[in-house]
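Raw coords06.txt, compact mmCIF, C-alpha atoms:
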```
# COMPACT_ATOMS: atom_id res chain seq x y z
CA MET J 1 14.41 10.82 -12.79
CA ILE J 2 18.01 9.60 -12.60
CA ARG J 3 19.32 13.09 -13.46
CA ARG J 4 17.23 14.62 -10.68
CA MET J 5 18.47 12.03 -8.19
CA ALA J 6 22.08 12.99 -8.93
CA THR J 7 21.49 16.62 -7.93
CA ASP J 8 18.58 16.47 -5.52
CA PRO J 9 19.36 14.50 -2.33
CA ILE J 10 16.66 12.59 -0.51
CA PRO J 11 15.20 14.94 2.16
CA GLN J 12 16.23 14.35 5.74
CA PHE J 13 13.89 12.20 7.83
CA PRO J 14 13.41 12.81 11.58
CA ALA J 15 16.12 11.73 13.99
CA GLY J 16 15.73 8.12 15.04
CA PHE J 17 13.94 7.13 11.82
CA LEU J 18 14.43 3.37 11.33
CA TRP J 19 15.78 2.22 7.96
CA GLY J 20 15.72 -1.47 7.14
CA VAL J 21 15.19 -4.26 4.63
CA SER J 22 12.82 -7.22 4.75
CA THR J 23 12.80 -10.92 3.84
CA SER J 24 10.73 -13.97 4.75
CA ALA J 25 11.77 -17.41 5.94
CA HIS J 26 10.19 -19.62 3.28
CA GLN J 27 11.46 -17.40 0.48
CA ILE J 28 15.16 -17.41 1.43
CA GLU J 29 16.08 -19.98 4.09
CA GLY J 30 16.10 -23.28 2.22
CA ALA J 31 17.19 -26.21 4.43
CA ALA J 32 13.70 -27.66 4.05
CA ASP J 33 14.91 -31.04 5.31
CA GLU J 34 15.83 -29.45 8.65
CA ARG J 35 12.31 -28.35 9.54
CA GLU J 36 8.77 -29.70 9.49
CA ARG J 37 6.60 -29.27 6.38
CA SER J 38 4.49 -26.21 5.74
CA VAL J 39 1.43 -25.64 3.57
CA TRP J 40 3.79 -24.13 1.00
CA ASP J 41 5.81 -27.35 0.80
CA ALA J 42 2.61 -29.25 0.09
CA PHE J 43 1.43 -26.63 -2.40
CA THR J 44 4.64 -26.50 -4.44
CA ALA J 45 4.74 -30.30 -4.61
CA GLU J 46 1.55 -30.23 -6.70
CA PRO J 47 2.30 -29.94 -10.45
CA GLY J 48 1.26 -26.63 -11.99
CA ARG J 49 1.01 -24.68 -8.77
CA VAL J 50 4.26 -22.72 -9.29
CA LYS J 51 4.80 -21.19 -12.72
CA ASP J 52 8.37 -22.40 -13.20
CA GLY J 53 7.82 -25.67 -11.33
CA SER J 54 10.32 -24.72 -8.61
CA THR J 55 10.24 -25.09 -4.84
CA ALA J 56 11.89 -23.29 -1.92
CA ALA J 57 13.76 -26.39 -0.75
CA VAL J 58 17.07 -24.55 -1.25
CA ALA J 59 15.97 -21.01 -2.13
CA CYS J 60 18.89 -18.68 -1.21
CA ASP J 61 20.23 -21.13 1.39
CA HIS J 62 20.15 -18.34 3.95
CA TYR J 63 19.97 -21.01 6.66
CA HIS J 64 23.60 -21.89 5.98
CA ARG J 65 24.82 -18.58 4.50
CA TYR J 66 23.31 -16.16 7.03
CA PRO J 67 26.72 -14.75 8.16
CA GLU J 68 27.34 -13.59 4.58
CA ASP J 69 23.88 -12.04 4.42
CA VAL J 70 24.28 -10.26 7.75
CA ALA J 71 27.58 -8.86 6.47
CA LEU J 72 25.66 -7.48 3.48
CA LEU J 73 23.19 -5.84 5.86
CA ALA J 74 25.99 -4.27 7.88
CA ALA J 75 27.73 -2.96 4.76
CA LEU J 76 24.43 -1.52 3.50
CA GLY J 77 24.15 0.49 6.69
CA VAL J 78 20.56 -0.36 7.63
CA GLY J 79 19.51 -0.03 11.24
CA ALA J 80 17.20 -3.04 11.21
CA TYR J 81 16.49 -6.33 9.47
CA ARG J 82 12.93 -7.59 9.22
CA PHE J 83 12.95 -11.36 8.76
CA SER J 84 10.34 -13.98 9.53
CA ILE J 85 10.48 -16.98 11.82
CA SER J 86 9.35 -20.28 10.34
CA TRP J 87 6.76 -21.91 12.58
CA PRO J 88 7.56 -25.34 11.04
CA ARG J 89 11.25 -24.80 11.82
CA VAL J 90 10.47 -23.90 15.43
CA ASN J 91 8.46 -27.14 15.63
CA SER J 92 11.44 -29.18 14.41
CA PRO J 93 13.95 -30.92 16.73
CA LYS J 94 16.47 -28.08 16.51
CA GLY J 95 13.70 -25.60 17.18
CA LEU J 96 14.92 -22.05 17.57
CA ASP J 97 18.64 -22.76 17.33
CA PHE J 98 18.96 -21.13 13.90
CA TYR J 99 17.18 -17.96 15.00
CA ASP J 100 19.34 -17.80 18.11
CA ARG J 101 22.40 -17.75 15.87
CA LEU J 102 20.87 -15.25 13.45
CA VAL J 103 19.82 -12.82 16.18
CA ASP J 104 23.25 -13.03 17.80
CA GLU J 105 24.91 -12.34 14.45
CA LEU J 106 22.64 -9.34 13.83
CA CYS J 107 23.25 -7.88 17.26
CA ALA J 108 27.01 -8.29 16.85
CA ALA J 109 26.79 -6.42 13.52
CA GLY J 110 24.78 -3.57 15.04
CA VAL J 111 21.63 -4.44 13.07
CA ARG J 112 18.37 -4.53 15.00
CA PRO J 113 16.46 -7.83 14.60
CA VAL J 114 12.76 -7.36 13.76
CA PRO J 115 11.12 -10.79 13.46
CA THR J 116 7.75 -11.43 11.87
CA LEU J 117 6.10 -14.39 13.56
CA PHE J 118 3.94 -15.57 10.66
CA HIS J 119 4.70 -15.02 6.97
CA TRP J 120 2.35 -17.57 5.34
CA ASP J 121 4.31 -20.80 6.04
CA LEU J 122 1.72 -22.48 8.26
CA PRO J 123 2.60 -25.96 9.58
CA VAL J 124 0.96 -28.41 7.20
CA GLU J 125 -1.19 -30.04 9.88
CA LEU J 126 -2.88 -26.72 10.80
CA ASP J 127 -5.69 -24.84 9.07
CA TRP J 128 -6.77 -21.20 9.41
CA LEU J 129 -10.39 -22.31 8.92
CA ASP J 130 -10.02 -23.90 12.36
CA ARG J 131 -10.38 -21.45 15.24
CA ASP J 132 -7.97 -23.46 17.36
CA THR J 133 -5.12 -22.43 15.04
CA ALA J 134 -5.24 -18.97 16.62
CA ALA J 135 -4.64 -20.46 20.06
CA ARG J 136 -1.85 -22.67 18.69
CA PHE J 137 -0.24 -19.58 17.20
CA ALA J 138 -0.23 -17.83 20.58
CA GLU J 139 1.48 -20.86 22.15
CA TYR J 140 4.15 -20.82 19.45
CA VAL J 141 4.65 -17.05 19.92
CA SER J 142 5.22 -17.56 23.65
CA VAL J 143 7.94 -20.13 22.92
CA VAL J 144 9.69 -17.76 20.51
CA ALA J 145 9.43 -14.76 22.84
CA GLU J 146 10.85 -16.70 25.76
CA ARG J 147 13.89 -17.73 23.70
CA LEU J 148 14.61 -14.50 21.80
CA GLY J 149 13.00 -11.77 23.88
CA ASP J 150 16.22 -10.83 25.68
CA ARG J 151 17.66 -9.59 22.35
CA VAL J 152 14.58 -8.74 20.28
CA GLY J 153 12.74 -5.54 21.10
CA LYS J 154 10.52 -4.99 18.05
CA TRP J 155 8.02 -7.67 16.99
CA ILE J 156 5.60 -8.15 14.08
CA THR J 157 2.81 -10.68 14.53
CA LEU J 158 1.45 -11.41 11.03
CA ASN J 159 2.39 -10.53 7.48
CA GLU J 160 -0.38 -9.58 5.06
CA PRO J 161 -3.37 -11.55 6.33
CA ALA J 162 -5.37 -9.99 3.49
CA GLU J 163 -3.23 -11.63 0.79
CA HIS J 164 -3.02 -14.91 2.68
CA THR J 165 -6.83 -14.95 2.88
CA LEU J 166 -7.50 -13.79 -0.67
CA LEU J 167 -4.80 -15.62 -2.61
CA GLY J 168 -4.48 -18.73 -0.45
CA HIS J 169 -8.07 -19.39 0.51
CA ALA J 170 -10.43 -17.39 -1.73
CA LEU J 171 -8.76 -17.60 -5.16
CA GLY J 172 -6.45 -20.60 -4.72
CA THR J 173 -3.35 -19.12 -6.36
CA HIS J 174 -1.26 -19.42 -3.16
CA ALA J 175 -0.99 -22.13 -0.53
CA PRO J 176 -3.04 -23.91 0.63
CA GLY J 177 -4.73 -23.50 -2.76
CA ARG J 178 -8.40 -23.24 -1.79
CA LYS J 179 -11.02 -21.49 -3.94
CA LEU J 180 -13.59 -20.61 -1.30
CA LEU J 181 -14.32 -17.04 -2.45
CA PHE J 182 -16.36 -15.38 0.32
CA ASP J 183 -16.45 -18.57 2.38
CA ALA J 184 -12.82 -17.71 3.16
CA LEU J 185 -13.90 -14.92 5.57
CA PRO J 186 -13.33 -17.13 8.67
CA VAL J 187 -9.66 -17.31 7.65
CA ALA J 188 -9.44 -13.53 7.95
CA HIS J 189 -11.13 -13.56 11.35
CA HIS J 190 -8.98 -16.35 12.76
CA GLN J 191 -5.78 -14.63 11.62
CA LEU J 192 -6.87 -11.38 13.27
CA LEU J 193 -7.76 -13.29 16.42
CA ALA J 194 -4.33 -14.96 16.30
CA HIS J 195 -2.75 -11.54 16.06
CA GLY J 196 -4.57 -10.32 19.17
CA LEU J 197 -3.69 -13.43 21.14
CA ALA J 198 -0.06 -13.05 20.00
CA VAL J 199 0.02 -9.44 21.21
CA ARG J 200 -1.14 -10.65 24.63
CA ALA J 201 1.47 -13.42 24.64
CA LEU J 202 4.23 -10.98 23.71
CA ARG J 203 3.12 -8.50 26.38
CA ALA J 204 3.17 -11.30 28.95
CA ALA J 205 6.76 -12.01 27.89
CA GLY J 206 7.72 -8.37 28.42
CA ALA J 207 7.60 -7.07 24.83
CA ARG J 208 6.99 -3.34 24.51
CA ASP J 209 7.19 -2.68 20.76
CA ILE J 210 4.62 -4.74 18.84
CA GLY J 211 2.90 -4.27 15.49
CA ILE J 212 1.49 -6.04 12.45
CA ALA J 213 2.39 -5.84 8.74
CA ASN J 214 -0.82 -5.25 6.81
CA SER J 215 -0.85 -4.63 3.06
CA HIS J 216 -2.68 -1.50 1.96
CA GLY J 217 -3.09 0.66 -1.11
CA PRO J 218 -5.54 3.28 -2.38
CA THR J 219 -8.49 1.98 -4.38
CA TRP J 220 -9.46 4.14 -7.35
CA PRO J 221 -12.84 3.79 -9.11
CA ALA J 222 -12.50 3.07 -12.83
CA SER J 223 -14.98 5.90 -13.55
CA PRO J 224 -17.43 8.18 -11.71
CA ASP J 225 -20.28 5.81 -12.64
CA GLN J 226 -22.15 4.55 -9.58
CA ALA J 227 -21.50 0.89 -10.44
CA ASP J 228 -17.75 1.49 -10.60
CA VAL J 229 -17.71 3.56 -7.41
CA GLU J 230 -19.65 0.89 -5.51
CA ALA J 231 -17.39 -1.89 -6.82
CA ALA J 232 -14.28 0.07 -5.80
CA ASP J 233 -15.74 0.72 -2.35
CA PHE J 234 -16.38 -2.99 -1.86
CA TYR J 235 -12.86 -3.89 -2.98
CA ASP J 236 -11.46 -1.29 -0.59
CA LEU J 237 -13.52 -2.81 2.22
CA LEU J 238 -12.17 -6.31 1.54
CA LEU J 239 -8.50 -5.42 1.09
CA ASN J 240 -8.12 -2.44 3.41
CA ARG J 241 -10.87 -1.82 5.97
CA LEU J 242 -11.60 -5.48 6.75
CA PHE J 243 -8.07 -5.82 8.13
CA ALA J 244 -7.55 -2.32 9.58
CA ASP J 245 -10.88 -1.45 11.20
CA PRO J 246 -10.95 -4.35 13.70
CA LEU J 247 -7.38 -3.60 14.79
CA LEU J 248 -7.70 0.17 15.05
CA LEU J 249 -11.41 0.74 15.75
CA GLY J 250 -12.37 -2.52 17.46
CA ARG J 251 -15.14 -3.27 14.96
CA TYR J 252 -15.66 -4.73 11.52
CA PRO J 253 -17.02 -2.61 8.66
CA ASP J 254 -20.81 -2.59 8.42
CA GLY J 255 -22.22 -5.91 7.27
CA ILE J 256 -19.04 -7.92 7.85
CA GLY J 257 -19.17 -8.81 11.54
CA GLU J 258 -22.26 -10.97 11.20
CA LEU J 259 -20.47 -13.05 8.56
CA MET J 260 -17.67 -13.99 10.94
CA PRO J 261 -17.63 -17.12 13.14
CA GLY J 262 -17.73 -17.33 16.92
CA ASP J 263 -18.43 -14.67 19.52
CA VAL J 264 -17.33 -11.72 17.40
CA GLY J 265 -17.78 -9.15 20.16
CA SER J 266 -15.47 -10.93 22.58
CA ASP J 267 -13.00 -11.70 19.79
CA LEU J 268 -12.83 -8.04 18.79
CA GLU J 269 -11.72 -7.11 22.30
CA ILE J 270 -8.72 -9.38 21.73
CA ILE J 271 -8.13 -8.33 18.12
CA ALA J 272 -8.03 -4.64 19.10
CA GLU J 273 -5.25 -5.00 21.67
CA PRO J 274 -3.31 -1.70 21.51
CA LEU J 275 -0.38 -1.62 19.11
CA ASP J 276 2.90 0.26 19.41
CA PHE J 277 3.16 0.71 15.64
CA TYR J 278 1.12 -0.11 12.57
CA GLY J 279 3.05 -1.75 9.75
CA VAL J 280 2.05 -0.96 6.17
CA ASN J 281 3.21 -2.97 3.16
CA TYR J 282 2.70 -0.74 0.12
CA TYR J 283 3.30 -1.58 -3.54
CA ALA J 284 0.67 0.06 -5.74
CA PRO J 285 -2.85 1.49 -5.92
CA THR J 286 -5.63 -0.53 -7.55
CA ARG J 287 -8.12 0.69 -10.14
CA VAL J 288 -11.43 -1.11 -9.74
CA GLY J 289 -14.70 -1.15 -11.64
CA ALA J 290 -17.93 -3.07 -11.89
CA PRO J 291 -17.71 -6.78 -12.81
CA GLN J 292 -17.17 -7.40 -16.51
CA GLY J 293 -18.52 -10.95 -16.66
CA THR J 294 -15.29 -12.65 -17.70
CA GLU J 295 -12.35 -14.13 -15.81
CA ILE J 296 -9.22 -12.00 -16.16
CA GLU J 297 -5.55 -12.38 -15.30
CA PHE J 298 -4.19 -9.40 -13.39
CA GLY J 299 -0.78 -9.09 -11.75
CA GLY J 300 -0.25 -12.83 -12.00
CA VAL J 301 -3.59 -13.60 -10.30
CA SER J 302 -6.65 -15.08 -11.96
CA MET J 303 -9.73 -13.05 -10.97
CA PRO J 304 -12.96 -15.10 -11.30
CA ALA J 305 -15.87 -13.63 -13.21
CA GLU J 306 -18.26 -14.11 -10.27
CA LEU J 307 -16.50 -11.50 -8.11
CA PRO J 308 -18.55 -8.30 -7.61
CA PHE J 309 -15.74 -6.13 -8.99
CA SER J 310 -13.05 -6.20 -11.66
CA VAL J 311 -9.49 -4.94 -11.41
CA ARG J 312 -8.54 -2.62 -14.28
CA GLU J 313 -5.28 -1.34 -15.70
CA ILE J 314 -3.98 2.04 -14.51
CA GLU J 315 -3.04 3.71 -17.77
CA GLY J 316 -0.29 6.24 -18.35
CA VAL J 317 2.11 5.08 -15.63
CA PRO J 318 5.21 2.86 -15.82
CA THR J 319 5.00 -0.72 -14.61
CA THR J 320 7.43 -3.12 -12.96
CA ASP J 321 8.48 -6.42 -14.53
CA PHE J 322 5.59 -7.92 -12.55
CA GLY J 323 3.19 -5.59 -14.34
CA TRP J 324 2.44 -3.59 -11.20
CA PRO J 325 1.84 0.15 -11.71
CA VAL J 326 4.47 2.52 -10.30
CA VAL J 327 2.64 5.35 -8.54
CA PRO J 328 4.73 6.83 -5.70
CA GLU J 329 2.25 9.61 -4.94
CA ALA J 330 -0.32 6.96 -4.02
CA LEU J 331 1.79 6.16 -0.95
CA THR J 332 1.35 9.75 0.27
CA GLU J 333 -2.38 9.47 -0.47
CA LEU J 334 -2.63 6.20 1.44
CA LEU J 335 -0.90 7.48 4.57
CA THR J 336 -2.68 10.82 4.76
CA GLY J 337 -5.97 8.99 4.12
CA PHE J 338 -5.26 6.58 6.99
CA ARG J 339 -4.57 9.49 9.33
CA GLU J 340 -7.86 11.12 8.32
CA ARG J 341 -9.84 7.88 8.68
CA TYR J 342 -8.39 6.65 11.98
CA GLY J 343 -7.21 9.84 13.68
CA ASP J 344 -5.66 9.27 17.08
CA ARG J 345 -6.50 5.55 16.88
CA LEU J 346 -3.69 5.16 14.35
CA PRO J 347 -0.38 4.35 16.08
CA PRO J 348 2.94 5.45 14.62
CA VAL J 349 3.35 3.92 11.17
CA VAL J 350 6.24 1.84 9.85
CA ILE J 351 6.46 1.00 6.15
CA THR J 352 7.28 -2.68 6.61
CA GLU J 353 7.56 -3.44 2.87
CA ASN J 354 8.02 -1.41 -0.29
CA GLY J 355 9.82 -2.62 -3.37
CA CYS J 356 9.65 -3.75 -6.98
CA SER J 357 10.55 -6.53 -9.39
CA TYR J 358 13.11 -5.72 -12.08
CA GLU J 359 15.75 -7.76 -13.85
CA GLY J 360 19.42 -6.89 -14.00
CA ILE J 361 22.25 -5.97 -11.67
CA ASP J 362 22.47 -2.41 -13.03
CA ASP J 363 18.88 -1.87 -11.86
CA ARG J 364 18.28 1.81 -12.53
CA GLN J 365 14.52 1.29 -12.62
CA ARG J 366 14.61 0.03 -9.02
CA ILE J 367 16.63 3.08 -8.00
CA ALA J 368 14.03 5.34 -9.60
CA TYR J 369 11.23 3.40 -7.89
CA LEU J 370 12.81 3.63 -4.43
CA ASP J 371 13.75 7.27 -4.93
CA GLY J 372 10.17 8.18 -5.82
CA HIS J 373 8.62 6.25 -2.97
CA ILE J 374 11.00 7.52 -0.31
CA ARG J 375 10.24 11.08 -1.42
CA ALA J 376 6.51 10.31 -1.35
CA LEU J 377 6.95 8.97 2.18
CA HIS J 378 8.75 12.14 3.21
CA ARG J 379 5.82 14.21 1.86
CA ALA J 380 3.48 12.24 4.11
CA VAL J 381 5.77 12.95 7.08
CA ALA J 382 5.83 16.63 6.14
CA GLN J 383 2.02 16.59 6.13
CA GLY J 384 1.94 15.36 9.70
CA VAL J 385 1.75 11.56 9.40
CA ASP J 386 3.77 9.95 12.20
CA VAL J 387 5.99 7.56 10.24
CA ARG J 388 8.84 5.96 12.18
CA GLY J 389 10.51 3.62 9.70
CA TYR J 390 10.88 2.27 6.15
CA PHE J 391 11.86 -1.27 5.09
CA VAL J 392 12.73 -2.16 1.49
CA TRP J 393 11.50 -5.45 0.06
CA SER J 394 13.81 -7.21 -0.32
CA LEU J 395 17.43 -7.78 0.66
CA LEU J 396 17.82 -10.78 -1.69
CA ASP J 397 16.29 -12.07 -4.87
CA ASN J 398 14.23 -15.02 -3.68
CA PHE J 399 11.49 -17.59 -4.20
CA GLU J 400 8.56 -15.39 -5.18
CA TRP J 401 5.73 -17.72 -4.15
CA ALA J 402 3.61 -18.91 -7.12
CA GLU J 403 5.93 -17.07 -9.52
CA GLY J 404 8.88 -19.24 -8.46
CA TYR J 405 12.22 -17.64 -9.28
CA ALA J 406 10.91 -15.58 -12.21
CA ARG J 407 10.65 -12.29 -10.28
CA ARG J 408 13.58 -10.46 -8.72
CA PHE J 409 12.83 -8.02 -5.90
CA GLY J 410 16.30 -8.00 -4.32
CA LEU J 411 18.84 -5.27 -3.70
CA VAL J 412 21.28 -8.18 -3.98
CA HIS J 413 21.30 -10.49 -7.00
CA VAL J 414 21.31 -14.22 -6.26
CA ASP J 415 22.63 -16.69 -8.82
CA TYR J 416 20.32 -19.61 -8.11
CA ARG J 417 22.82 -22.09 -9.58
CA THR J 418 25.85 -21.08 -7.47
CA LEU J 419 24.00 -19.04 -4.78
CA ALA J 420 26.57 -16.26 -5.23
CA ARG J 421 25.41 -12.87 -3.97
CA THR J 422 26.12 -9.73 -6.02
CA PRO J 423 25.01 -6.31 -4.76
CA LYS J 424 23.07 -4.44 -7.43
CA ALA J 425 23.31 -0.75 -8.31
CA SER J 426 20.27 -0.15 -6.06
CA TYR J 427 22.18 -1.58 -3.09
CA GLY J 428 24.93 0.99 -3.58
CA TRP J 429 22.39 3.76 -4.10
CA LEU J 430 20.54 2.93 -0.89
CA ARG J 431 23.82 2.64 1.03
CA ASP J 432 24.69 6.19 -0.06
CA VAL J 433 21.21 7.45 0.87
CA LEU J 434 21.52 5.98 4.35
CA ARG J 435 24.97 7.50 4.84
CA ALA J 436 23.55 10.91 3.91
CA GLN J 437 20.69 10.45 6.38
CA GLY J 438 23.31 10.09 9.15
```

Take the structure in this file and express it as structure tokens.
Amino acid sequence: MIRRMATDPIPQFPAGFLWGVSTSAHQIEGAADERERSVWDAFTAEPGRVKDGSTAAVACDHYHRYPEDVALLAALGVGAYRFSISWPRVNSPKGLDFYDRLVDELCAAGVRPVPTLFHWDLPVELDWLDRDTAARFAEYVSVVAERLGDRVGKWITLNEPAEHTLLGHALGTHAPGRKLLFDALPVAHHQLLAHGLAVRALRAAGARDIGIANSHGPTWPASPDQADVEAADFYDLLLNRLFADPLLLGRYPDGIGELMPGDVGSDLEIIAEPLDFYGVNYYAPTRVGAPQGTEIEFGGVSMPAELPFSVREIEGVPTTDFGWPVVPEALTELLTGFRERYGDRLPPVVITENGCSYEGIDDRQRIAYLDGHIRALHRAVAQGVDVRGYFVWSLLDNFEWAEGYARRFGLVHVDYRTLARTPKASYGWLRDVLRAQG
């Protein structure tokens, strides 16, 4: 793989293709004492919730060191930086002052700011089980848009509502730590409703380039047996179609709508507000079979025995340090499958996250991972999928949620003792790729 990369340049993407990197507020900002508390602050304060016992109180201290980080972005040569805005920070006395400074710094460096308005750090007094949280979110979005809209053109409403529902409310491995299983479905609906209300709020503020960042990946049956195929189809419904169909088709998959709270028909009209782009966070496919009757640990997540499916290992492929399978061709499969499923209802696509966890500053495995996935993305473009951008996760090593600081996804190494930043080999590789793209 490395030998091929030395002689075989990354193919050219269409003119105007947007290259960027992503981060999130809670994972890098620190300065927890200068904002209100979030559900993640409450979660990490509970013993045993985070594997290394850490918190994001300091994280990468991006709040104070953002000029250094913007300089890293500029030197990398990316056209855009996807960051998230902390709702609890906006609610604090200094409000949006930090994001004002950050956006100004980005604009001065020639890097396009692409804020995500919710990346899991809900104010601690709010609850996604409560429908009113969607309306509160729209109010917060209006405040942000009024302050930053003169410099921000591209907006993302929510990050990965599927994971926030599943891990935070169904399985309890993320904040707020609930184990509701299928009683967590209202959380999914209220997040989707919040997205639709946010789109309307952004449009009212004059925004013209709005999307969402949904996580997706192909679901592969463990075998041709009917039980495995049915289990895989159900998993695909929960993790893919439940969060894409309402946005793109204006309806829930069969059998789901009646499980949702409120006037679902009227809500779907809001949820399906037209999008300017559809953000896809892709990491890996999932192999799924019939339930096996025992609780298993998979990818750092405990999967209860009572679920109507079981996640299985994908054999014969390399894995990241997180244990996630590395299957670049599945990204091509995902995107061409989305085009076939949604047709002209699918807006232009932006890969809003793609990345991997590996140790080391000479991170050749990360280079191989990114090389393979960028090529797989180009194959999807060559097959007619309208892809407009690609964002690497992540700029910096950071607080990796329930894993604490044990996983390193960054192009830039962070020494958590001194907070020194050191660009990795993958940073230099991506810089050279972007220069070649022109």

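The gap separating CA of Arg366 in chain J from CA of Phe409 in chain J is 8.8 Å, in Å to one decimal.
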
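Minimum atom-to-atom distances from J:Thr55, J:Thr165, J:Gln12, J:Thr352 to Pro115 in chain J were compared using only C-alpha atoms, and the lowest value belongs to J:Thr352.
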
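Note that CA of Trp393 in chain J and CA of Ala45 in chain J are 26.2 Å apart.
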
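Ranking J:Ala31, J:Ala222, J:Ile361, J:Ala402 by their shortest atom-to-atom distance to Ala425 in chain J, with all atoms listed in the file included, puts J:Ile361 first.
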
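Among the candidate residues J:Ser357, J:Ser84, J:Gln292, J:Ser266, the one lying nearest to Glu306 in chain J is J:Gln292, with distances computed using all atoms listed in the file.
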
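Using only C-alpha atoms for every distance, the candidate list J:Asn398, J:Asn354, J:Ser86, J:Thr173 yields J:Ser86 as the residue closest to Val144 in chain J.
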
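When all atoms listed in the file are used to measure the gap to Gly172 in chain J, the shortest distance among J:Thr418, J:Ser302, J:Ser24, J:Thr319 belongs to J:Ser302.
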
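Close to (5.2, -4.6, 20.4), meaning no more than 6 Å away when counting only C-alpha atoms, sit the residues J:Lys154, J:Trp155, J:Ala207, J:Arg208, J:Asp209, J:Ile210, J:Gly211, J:Asp276.
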
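Put simply, CA of Ala75 in chain J is 24.6 Å away from CA of Arg407 in chain J.
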
* To do: Give the answer as one residue: which of J:Leu411, J:Leu18, J:Ala272, J:Val90 has the shortest atom-to-atom distance to Arg431 in chain J, using all atoms listed in the file?
  => J:Leu411
